[in-house]
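Here is the structure we will look at, set down as structure tokens.
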Amino acid sequence: MATQISQQYAYRAQKSTGLVGGTPDYQPIDSFKQPEVPTRTFKYSSDGRLFAYAIPTGVRIHQAESAQLLQELAIPNIVEISFSPRGTYLSTWERPVKLEDGAQHKNLRVFSVSTGEELVAFSQKSQEGWELQYTISESHAIRLVGQEIQVYRPVEWSKGVIDKLKVEGATSITLSPGLNPSVAVFVAERKGQPASVKIYSLTALAAPPTCQKTFFKAQRSQIKWNTLGTQVLVLTQTDVDAANKSYYGETGGLYLLSAAGNFDCRVPLDKDGPVHDFAWSPNSKEFGVIFGFMPAKTVLFDQRARTLHDFGTAFCNFISFNPQGRLIAIAGFGNLAGKVDIYDRRTLNKVTTIDASNTSHCEWSPDGRFLLTATLSPRLRVDNGIKIWHCTGPLVHVQPIDELYQTSWRPTPVDAVPPFPQAIPAAPAPAPSVEQHATVAKPTPTKPAGAYRPPGARGLEASKAYKREDETPSGGNTPNGRFSRSPAPGRFQNGRRHVPGAPTSPSPVRHNGGDPDKRGRKKKGPKEKKDGAAAAANGDASGTGRPSIDIPPNGDAEVVSAAAANGSVPPTPGGDNGLDPTAKKVRNLNKKLKAIEELKEKQKKGERLEATQLKKIDTEAEIRKELSALGISS
């Protein structure tokens with residue numbers, strides 16, 4: 001029995017698919033032969049006996065414990081697979097295509113696991129809700145076609161539909177577990193009519209519903225039955241939040257309904273905001289809800305929606321009971337930090353807190369002692385892998401896997417595993433992978449915090465303009481917060497564009513006795529001019545005039561000195577300062593002639609010219625005439 005309850009798990013990545021044994025070693029199962037090509041999906045049967053995966057050419061079914069290949073179905077392009085509760089039937093779904101003869105493509109097929117024979121096929125366009133829903137005994141199977149619920153008997157697939165019920169406006173159905181199965185039918189809100197949930201007994205579909213509830217603000221729903229199939233929780237939501245408080249729509253409400261019709265109510269949630277998650281306890285007598293704007297509130301309710309315990313507020317959006325109902329995991333994943341708080345249901349005390357950052361999948365092991373967390377792609381494309389934690393907090397196994405897409409424990413019935421002990425068990429010794437992971441993991445370097453400096457000031461001494469509490473002295477050669485360095489390529493300096501490598505004219509030098517009117521200041525009136533002259537005289541006498549800024553751009557101090565002595569600035573090389581108007585006109589006319597000659601050459605080669613280019617060629621005579629008038633022979 002020890003081998004039967006081993007904590008086996010499966011994983012699917014871009015380049016590999018595998019089965020891994022459980023505690024204490026977590027070694028890959030050698031007898032499992034990995035597929036040669038990437039797999040599209042995998043699935044365990046509910047009882048844990050079978051393991052199947054889909055590849056582009058078909059589906060392979062293995063015995064989970066020994067990894068022995070049992071069947072290979074040669075059906076290409078399968079996207080989804082699903083087992084019936086006892087593993088008798090395998091359903092497959094592929095994307096619908098148009099057939100050449102115009103017939104409907106039957107893309108939902110049901111096969112016998114033991115023989116590999118195709119038993120029945122249906123046409124199912126939508127991938128959402130594609131699976132057939134079976135009773136736990138596999139006596140009946142149902143599916144929603146349009147607005148009609150169709151019932152089949154799996155042992156007699158050839159007889160087709162044995163019972164059906166049309167529900168106006170039905171958008172989804174959920175079959176309950178348990179020995180007396182019921183069907184919950186959700187009808188969305190439409191054209192001002194309220195939404196509703198109706199519960200029918202599967203054995204008496206023609207009879208009136210045993211329970212019915214109507215409500216507004218419900219365009220879609222989330223329905224969860226308890227393990228016994230006696231009560232159901234219904235969460236209603238809208239696609240758009242009219243108050244603009246949530247991007248994901250508005251939560252209409254959480255309702256508790258009894259399958260027998262003797263009880264229904266709205267679960268009292270005393271904090272505004274959405275319902276992030278809710279889950280039934282395996283004992284079917286209580287459930288937990290996380291609700292409200294962050295930090296969210298977590299409350300445990302009984303089967304009459306009365307509060308049993310308030311866990312307080314925290315940044316969380318995930319709740320899960322272990323299969324034995326003894327432990328509760330409350331966590332914050334997605335855009336939250338990834339902390340997992342584990343509580344003992346008996347004492348309602350916190351057992352431990354696990355830091356499982358970047359987690360996108362979390363699942364209890366069948367024996368309730370371990371928690372599997374995984375970082376999956378494409379939610380995150382870095383640090384993908386699997387971590388297994390003991391319920392008391394220690395990390396017991398780590399398996400890094402590049403581009404990990406899917407992982408899950410092998411299901412095992414609760415009665416096939418040892419009962420959870422009275423006292424929470426101690427953690428086993430960690431697997432060797434934990435120590436290896438600790439040595440490979442790189443510590444995050446911590447940078448010393450300092451005053452922020454803009455990119456232009458980095459690597460230089462900070463001026464007074466960027467001085468902070470560090471009391472860094474200002475550079476002596478950087479007056480007024482400017483830096484004496486060459487401008488970046490393409491930047492403007494002194495009103496001219498700076499070209500790398502080209503000689504640059506020196507900056508004009510400011511003189512202490514310069515006329516302020518020539519520096520762009522507002523022209524003063526007669527009275528102001530006199531006052532300004534007097535002030536200037538006082539300033540010159542005291543020697544406290546404004547300092548000059550003599551910054552040689554290319555280090556040529558002599559040129560600057562000469563320019564200052566002459567009181568003029570040399571012209572920029574390559575500029576038009578040395579040309580008179582006649583020379584400029586001649587130059588422009590010669591440019592036009594050169595362009596006309598190029599167009600003529602293209603015309604001789606047979607290239608097709610545009611109308612504007614032909615018109616330009618016609619102006620050649622006028623241009624030559626203008627050149628002759630200027631005394632230039634062309």
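Naming scheme: A, B, ... for chains in displayed order of the structure tokens; residues 1 onward per chain; ligands 1 onward as shown.
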
Any idea what's packed within 12 Å of Pro177 of chain A, counting only C-alpha atoms, ignoring anything in its chain fewer than 5 positions away? Could you give it as an mmCIF file with N, CA, C and O atoms, in the first residue's frame?
data_model
loop_
_atom_site.group_PDB
_atom_site.id
_atom_site.type_symbol
_atom_site.label_atom_id
_atom_site.label_comp_id
_atom_site.auth_asym_id
_atom_site.auth_seq_id
_atom_site.Cartn_x
_atom_site.Cartn_y
_atom_site.Cartn_z
ATOM 1 N N PRO A 85 -15.264 9.620 -13.862
ATOM 2 C CA PRO A 85 -14.855 9.477 -12.449
ATOM 3 C C PRO A 85 -14.152 8.165 -12.119
ATOM 4 O O PRO A 85 -13.235 8.147 -11.288
ATOM 5 N N GLN A 133 -20.299 15.731 -18.188
ATOM 6 C CA GLN A 133 -20.332 15.633 -16.727
ATOM 7 C C GLN A 133 -20.990 14.307 -16.336
ATOM 8 O O GLN A 133 -22.115 14.020 -16.756
ATOM 9 N N TYR A 134 -20.256 13.515 -15.538
ATOM 10 C CA TYR A 134 -20.720 12.184 -15.137
ATOM 11 C C TYR A 134 -21.131 12.190 -13.670
ATOM 12 O O TYR A 134 -20.582 12.952 -12.855
ATOM 13 N N THR A 135 -22.056 11.292 -13.337
ATOM 14 C CA THR A 135 -22.321 11.003 -11.923
ATOM 15 C C THR A 135 -21.159 10.174 -11.380
ATOM 16 O O THR A 135 -20.401 9.570 -12.156
ATOM 17 N N ILE A 136 -20.995 10.119 -10.072
ATOM 18 C CA ILE A 136 -19.834 9.423 -9.513
ATOM 19 C C ILE A 136 -19.871 7.919 -9.817
ATOM 20 O O ILE A 136 -18.837 7.257 -9.852
ATOM 21 N N SER A 137 -21.044 7.387 -10.047
ATOM 22 C CA SER A 137 -21.154 5.958 -10.394
ATOM 23 C C SER A 137 -21.082 5.719 -11.892
ATOM 24 O O SER A 137 -21.138 4.570 -12.332
ATOM 25 N N GLU A 138 -20.979 6.800 -12.687
ATOM 26 C CA GLU A 138 -20.950 6.736 -14.154
ATOM 27 C C GLU A 138 -22.246 6.158 -14.734
ATOM 28 O O GLU A 138 -22.266 5.648 -15.847
ATOM 29 N N HIS A 140 -24.922 8.019 -15.381
ATOM 30 C CA HIS A 140 -25.462 9.002 -16.311
ATOM 31 C C HIS A 140 -24.364 9.996 -16.688
ATOM 32 O O HIS A 140 -23.408 10.214 -15.924
ATOM 33 N N SER A 182 -27.970 16.113 -8.527
ATOM 34 C CA SER A 182 -28.837 17.207 -8.967
ATOM 35 C C SER A 182 -28.091 18.038 -9.990
ATOM 36 O O SER A 182 -26.850 18.007 -10.071
ATOM 37 N N VAL A 183 -28.849 18.815 -10.775
ATOM 38 C CA VAL A 183 -28.262 19.671 -11.801
ATOM 39 C C VAL A 183 -28.600 21.116 -11.473
ATOM 40 O O VAL A 183 -29.782 21.467 -11.345
ATOM 41 N N ALA A 184 -27.571 21.954 -11.344
ATOM 42 C CA ALA A 184 -27.769 23.393 -11.145
ATOM 43 C C ALA A 184 -27.659 24.081 -12.497
ATOM 44 O O ALA A 184 -26.643 23.960 -13.183
ATOM 45 N N LEU A 202 -31.725 14.943 -11.128
ATOM 46 C CA LEU A 202 -31.355 14.314 -12.386
ATOM 47 C C LEU A 202 -32.306 13.181 -12.762
ATOM 48 O O LEU A 202 -32.562 12.946 -13.951
ATOM 49 N N LYS A 224 -20.298 26.074 -7.051
ATOM 50 C CA LYS A 224 -19.506 25.036 -6.379
ATOM 51 C C LYS A 224 -20.418 24.232 -5.445
ATOM 52 O O LYS A 224 -21.018 24.791 -4.524
ATOM 53 N N TRP A 225 -20.485 22.911 -5.701
ATOM 54 C CA TRP A 225 -21.240 21.993 -4.843
ATOM 55 C C TRP A 225 -20.355 21.529 -3.689
ATOM 56 O O TRP A 225 -19.133 21.450 -3.829
ATOM 57 N N ASN A 226 -20.985 21.196 -2.575
ATOM 58 C CA ASN A 226 -20.221 20.542 -1.515
ATOM 59 C C ASN A 226 -20.021 19.067 -1.867
ATOM 60 O O ASN A 226 -20.574 18.556 -2.843
ATOM 61 N N THR A 227 -19.203 18.372 -1.107
ATOM 62 C CA THR A 227 -18.816 17.004 -1.454
ATOM 63 C C THR A 227 -20.011 16.052 -1.473
ATOM 64 O O THR A 227 -20.074 15.137 -2.306
ATOM 65 N N LEU A 228 -20.978 16.268 -0.605
ATOM 66 C CA LEU A 228 -22.146 15.388 -0.544
ATOM 67 C C LEU A 228 -23.187 15.722 -1.609
ATOM 68 O O LEU A 228 -24.091 14.932 -1.863
ATOM 69 N N GLY A 229 -23.077 16.895 -2.227
ATOM 70 C CA GLY A 229 -24.050 17.292 -3.235
ATOM 71 C C GLY A 229 -25.370 17.752 -2.651
ATOM 72 O O GLY A 229 -26.396 17.743 -3.345
ATOM 73 N N THR A 230 -25.366 18.191 -1.391
ATOM 74 C CA THR A 230 -26.604 18.618 -0.739
ATOM 75 C C THR A 230 -26.798 20.128 -0.776
ATOM 76 O O THR A 230 -27.929 20.609 -0.694
ATOM 77 N N GLN A 231 -25.695 20.898 -0.900
ATOM 78 C CA GLN A 231 -25.777 22.353 -0.942
ATOM 79 C C GLN A 231 -24.831 22.890 -2.007
ATOM 80 O O GLN A 231 -23.833 22.244 -2.370
ATOM 81 N N VAL A 232 -25.148 24.091 -2.477
ATOM 82 C CA VAL A 232 -24.357 24.689 -3.538
ATOM 83 C C VAL A 232 -24.161 26.179 -3.245
ATOM 84 O O VAL A 232 -25.060 26.848 -2.713
ATOM 85 N N ALA A 259 -30.081 21.757 -2.158
ATOM 86 C CA ALA A 259 -30.615 20.989 -3.283
ATOM 87 C C ALA A 259 -32.042 20.534 -3.021
ATOM 88 O O ALA A 259 -32.851 20.412 -3.945
ATOM 89 N N SER A 284 -18.304 19.092 4.063
ATOM 90 C CA SER A 284 -19.556 19.606 3.489
ATOM 91 C C SER A 284 -20.390 20.407 4.470
ATOM 92 O O SER A 284 -21.544 20.742 4.176
#

Can you tell me which residues surround segment 312-327 of chain A at a distance of at most 8 Å, considering only C-alpha atoms, apart from same-chain residues fewer than 5 positions away, and format the answer as number ranges by chain? A: 276-283, 288-290, 294-299, 332-333, 336, 342-346, 364-368, 414, 419-420

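Residues lying within 9 Å of Thr17 of chain A, counting only C-alpha atoms and ignoring same-chain neighbours fewer than 5 positions away, are A:Ala10, A:Tyr11, A:Arg12, A:Gln34, A:Pro35, A:Pro38, A:Thr39.
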
Would you mind exporting C-alpha atoms of the selected residues as a JSON list (two decimals), in the first residue's frame?
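Once everything was written out, this is selection-v4.json:
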[["chain", "number", "residue", "atom", "x", "y", "z"],
["A", 10, "ALA", "CA", 3.31, 15.08, -13.01],
["A", 11, "TYR", "CA", 4.60, 18.10, -14.90],
["A", 12, "ARG", "CA", 4.51, 19.38, -18.47],
["A", 34, "GLN", "CA", 9.07, 10.75, -22.09],
["A", 35, "PRO", "CA", 7.38, 11.68, -25.39],
["A", 38, "PRO", "CA", 6.04, 18.52, -26.70],
["A", 39, "THR", "CA", 2.76, 17.55, -25.06]]

For Val37 of chain A, please output as a compact mmCIF listing (two decimals) with N, CA and C atoms, in the first residue's frame all residues within 12 Å (counting only C-alpha atoms; exclusion window: fewer than 6 positions along the same chain).
# COMPACT_ATOMS: atom_id res chain seq x y z
N ARG A 12 4.42 19.21 -17.01
CA ARG A 12 4.51 19.38 -18.47
C ARG A 12 5.19 20.71 -18.76
N ALA A 13 6.29 20.64 -19.49
CA ALA A 13 7.05 21.82 -19.86
C ALA A 13 7.20 21.87 -21.38
N GLN A 14 7.88 22.90 -21.85
CA GLN A 14 8.04 23.06 -23.30
C GLN A 14 8.82 21.91 -23.91
N LYS A 15 9.83 21.43 -23.20
CA LYS A 15 10.71 20.41 -23.78
C LYS A 15 10.64 19.07 -23.06
N SER A 16 9.79 18.94 -22.06
CA SER A 16 9.77 17.67 -21.32
C SER A 16 8.42 17.47 -20.65
N THR A 17 8.11 16.20 -20.37
CA THR A 17 6.95 15.79 -19.58
C THR A 17 7.41 14.64 -18.70
N TYR A 53 -1.76 11.78 -21.66
CA TYR A 53 -1.30 13.06 -22.19
C TYR A 53 -1.53 13.08 -23.70
N ALA A 54 -1.67 14.29 -24.24
CA ALA A 54 -1.94 14.48 -25.67
C ALA A 54 -0.71 15.06 -26.34
N ILE A 55 -0.37 14.49 -27.49
CA ILE A 55 0.69 15.00 -28.36
C ILE A 55 0.07 15.31 -29.72
N PRO A 56 0.78 15.98 -30.61
CA PRO A 56 0.16 16.34 -31.89
C PRO A 56 -0.38 15.16 -32.70
N THR A 57 0.16 13.97 -32.50
CA THR A 57 -0.28 12.82 -33.30
C THR A 57 -1.33 11.95 -32.61
N GLY A 58 -1.61 12.18 -31.32
CA GLY A 58 -2.59 11.34 -30.66
C GLY A 58 -2.55 11.47 -29.15

Tell me which of A:Cys265, A:Ile401, A:Leu371, A:Ile61 sits closest to Ile354 of chain A, counting only C-alpha atoms. A:Leu371

Using DSSP on the backbone coordinates, identify the residues of segment 288-395 of chain A assigned to strand (DSSP E or B); present them as an NGL selection string. :A and (288-291 or 296-302 or 307-314 or 318-321 or 327-331 or 339-344 or 350-355 or 361-364 or 370-375 or 385-390 or 395)

Write out as a PyMOL selection string the set of residues from segment 243-489 of chain A that DSSP, computed on the backbone, places in alpha helix (DSSP H). chain A and resi 432-440

Find, counting only C-alpha atoms, the residue in A:Glu286, A:Glu131, A:Glu118, A:Glu189 that gets nearest to Trp157 of chain A. A:Glu118

For each of A:Leu205, A:Gln303, A:Gln406, A:Thr214, take the minimum atom-to-atom distance to Leu233 of chain A, counting only C-alpha atoms, then give the residue where this is smallest.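 With only C-alpha atoms as the atom set, the closest residue is A:Gln303.
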